[in-house]
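Novice: Quick one: structure below, then a few questions.
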Amino acid sequence: MSDCIFCKIVNKEMSSTIIFQSTNVIAVMDINPVAPFHCLVLPKEHYTSILTIDPGIMVEITSAIQIIAEEHDLEEGFRVVNNCGKYGQQTVDHVHFHVMGKRQFEWPPG
Ligand code: AMP
Ligand code: ZN
């Protein structure tokens, strides 16, 4: 989608810090981190949310998270978040998974 910032990142029309790439998936550092480690794992193809993503790509996203956790020393634990839709407070309509680590998280979230 031409007006999607994450499509622009995928197409290198917008700069970002890419930390992982595979056939269908990319991961970039979040521009506004809420943890000492905070990246976003997303499909290269535009899907609006987890409701419409090809479930097959979820396998590749899981694999990406496993590799990122290993490469970035997240062995003490981390949090994966997908904000979906209005109630989930999704702000970028290109499905993505926040991977946050290197601090203690609370439960339940706000
Ligand atoms: P969400 O609210 O779940 O849709 O998350 C969107 C995330 O994208 C936020 O954490 C933003 O900080 C992040 N973000 C927005 N623009 C960029 C960008 N150009 N590069 C990296 N992260 C971004
Ligand atoms: Zn997009």
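A note on labels: chains of the structure tokens are A, B, ... as shown, every chain counts residues from 1, and ligands are counted from 1 in their shown order.
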Give me, as a Markdown table, each residue of chain A that comes within 9 Å of ligand 1, together with its shortest interatomic pair and the distance in Å at one decimal, counting only C-alpha atoms and all ligand atoms, with rows ordered by chain and rising residue number.
Specialist:
```
| residue | atom | partner | partner_atom_place_in_ligand_line | distance |
| --- | --- | --- | --- | --- |
| A:Ile5 | CA | ligand 1 | 19 (N) | 6.3 |
| A:Phe6 | CA | ligand 1 | 19 (N) | 7.1 |
| A:Lys8 | CA | ligand 1 | 19 (N) | 8.7 |
| A:Ile9 | CA | ligand 1 | 19 (N) | 7.1 |
| A:Met14 | CA | ligand 1 | 19 (N) | 7.0 |
| A:Ser15 | CA | ligand 1 | 19 (N) | 7.2 |
| A:Ser16 | CA | ligand 1 | 20 (N) | 5.6 |
| A:Thr17 | CA | ligand 1 | 21 (C) | 7.8 |
| A:Val28 | CA | ligand 1 | 21 (C) | 6.4 |
| A:Met29 | CA | ligand 1 | 21 (C) | 5.9 |
| A:Asp30 | CA | ligand 1 | 22 (N) | 3.8 |
| A:Ile31 | CA | ligand 1 | 21 (C) | 4.0 |
| A:Asn32 | CA | ligand 1 | 12 (O) | 4.1 |
| A:Pro33 | CA | ligand 1 | 12 (O) | 6.4 |
| A:Val34 | CA | ligand 1 | 10 (O) | 7.8 |
| A:His38 | CA | ligand 1 | 10 (O) | 8.4 |
| A:Cys39 | CA | ligand 1 | 22 (N) | 7.9 |
| A:Leu40 | CA | ligand 1 | 22 (N) | 7.1 |
| A:Val81 | CA | ligand 1 | 3 (O) | 7.7 |
| A:Asn82 | CA | ligand 1 | 3 (O) | 6.2 |
| A:Asn83 | CA | ligand 1 | 3 (O) | 4.6 |
| A:Cys84 | CA | ligand 1 | 3 (O) | 7.3 |
| A:Gly85 | CA | ligand 1 | 4 (O) | 8.7 |
| A:Gly88 | CA | ligand 1 | 3 (O) | 7.9 |
| A:Gln89 | CA | ligand 1 | 2 (O) | 5.8 |
| A:Gln90 | CA | ligand 1 | 4 (O) | 3.8 |
| A:Thr91 | CA | ligand 1 | 4 (O) | 3.5 |
| A:Val92 | CA | ligand 1 | 4 (O) | 4.0 |
| A:Asp93 | CA | ligand 1 | 4 (O) | 6.5 |
| A:His94 | CA | ligand 1 | 4 (O) | 7.7 |
| A:Val95 | CA | ligand 1 | 4 (O) | 7.7 |
| A:His96 | CA | ligand 1 | 3 (O) | 6.9 |
| A:Phe97 | CA | ligand 1 | 3 (O) | 7.5 |
| A:His98 | CA | ligand 1 | 3 (O) | 7.1 |
```
Novice: For the selection just defined, write its residues with C-alpha atoms to a file, as a short mmCIF file (atom, residue, chain, number, x, y, z; two decimals), in the first residue's frame.
Specialist:
```
data_model
loop_
_atom_site.label_atom_id
_atom_site.label_comp_id
_atom_site.auth_asym_id
_atom_site.auth_seq_id
_atom_site.Cartn_x
_atom_site.Cartn_y
_atom_site.Cartn_z
CA ILE A 5 4.78 3.49 6.56
CA PHE A 6 5.69 -0.14 7.08
CA LYS A 8 7.71 2.12 2.81
CA ILE A 9 10.17 0.58 5.28
CA MET A 14 11.86 5.09 4.51
CA SER A 15 14.90 4.48 6.66
CA SER A 16 14.86 2.03 9.54
CA THR A 17 17.19 -0.19 11.52
CA VAL A 28 13.09 -3.39 12.53
CA MET A 29 13.85 -1.52 15.73
CA ASP A 30 10.87 0.48 16.98
CA ILE A 31 11.37 4.23 16.49
CA ASN A 32 9.80 4.93 19.90
CA PRO A 33 10.97 2.08 22.14
CA VAL A 34 9.19 1.31 25.40
CA HIS A 38 12.01 -3.17 21.26
CA CYS A 39 11.64 -4.36 17.70
CA LEU A 40 8.73 -4.95 15.35
CA VAL A 81 2.45 -7.95 21.66
CA ASN A 82 0.07 -7.60 18.75
CA ASN A 83 -2.23 -4.62 19.00
CA CYS A 84 -5.28 -5.34 16.86
CA GLY A 85 -7.92 -2.83 15.85
CA GLY A 88 -6.21 -3.08 20.79
CA GLN A 89 -5.01 0.47 20.01
CA GLN A 90 -3.37 -0.53 16.74
CA THR A 91 -1.91 2.64 15.21
CA VAL A 92 -0.21 1.27 12.09
CA ASP A 93 -2.54 -0.81 9.92
CA HIS A 94 0.15 -3.20 8.69
CA VAL A 95 0.16 -6.17 11.03
CA HIS A 96 3.22 -6.30 13.28
CA PHE A 97 4.42 -7.94 16.47
CA HIS A 98 6.22 -5.96 19.11
#
```
Novice: Please run DSSP on the backbone and report, as a ChimeraX atom specification, all residues within region 37-105 of chain A that come out as helix (DSSP H, G or I).
Specialist: /A:55-71
Novice: Rank nothing, just name the residue among A:Ile53, A:Ile65, A:Val59, A:Ile18 nearest to ligand 2, using only C-alpha atoms and all ligand atoms.
Specialist: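 Counting only C-alpha atoms and all ligand atoms, the residue closest to ligand 2 is A:Ile53.
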Novice: May I ask which of the residues A:Gly110, A:Pro36, A:Gly56, A:Pro43 is the closest one to ligand 2, counting only C-alpha atoms and all ligand atoms?
Specialist: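 Residue with the minimum atom-to-atom distance to ligand 2: A:Pro43.
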Novice: Taking into account only C-alpha atoms, which residue in the set A:Asp3, A:Asp73, A:Glu13, A:Glu45 is nearest to Val25 (chain A)?
Specialist: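 Distance minimum relative to Val25 (chain A) lands on A:Glu45.
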Novice: Name the residues of chain A that come out as strand (DSSP E or B) in a backbone DSSP run; write them as a list in words.
Specialist: Ile18, Ile19, Phe20, Gln21, Val25, Ile26, Ala27, Val28, Met29, Phe37, His38, Cys39, Leu40, Val41, Leu42, Pro43, Phe78, Arg79, Val80, Val81, Phe97, His98, Val99, Met100 and Gly101 of chain A
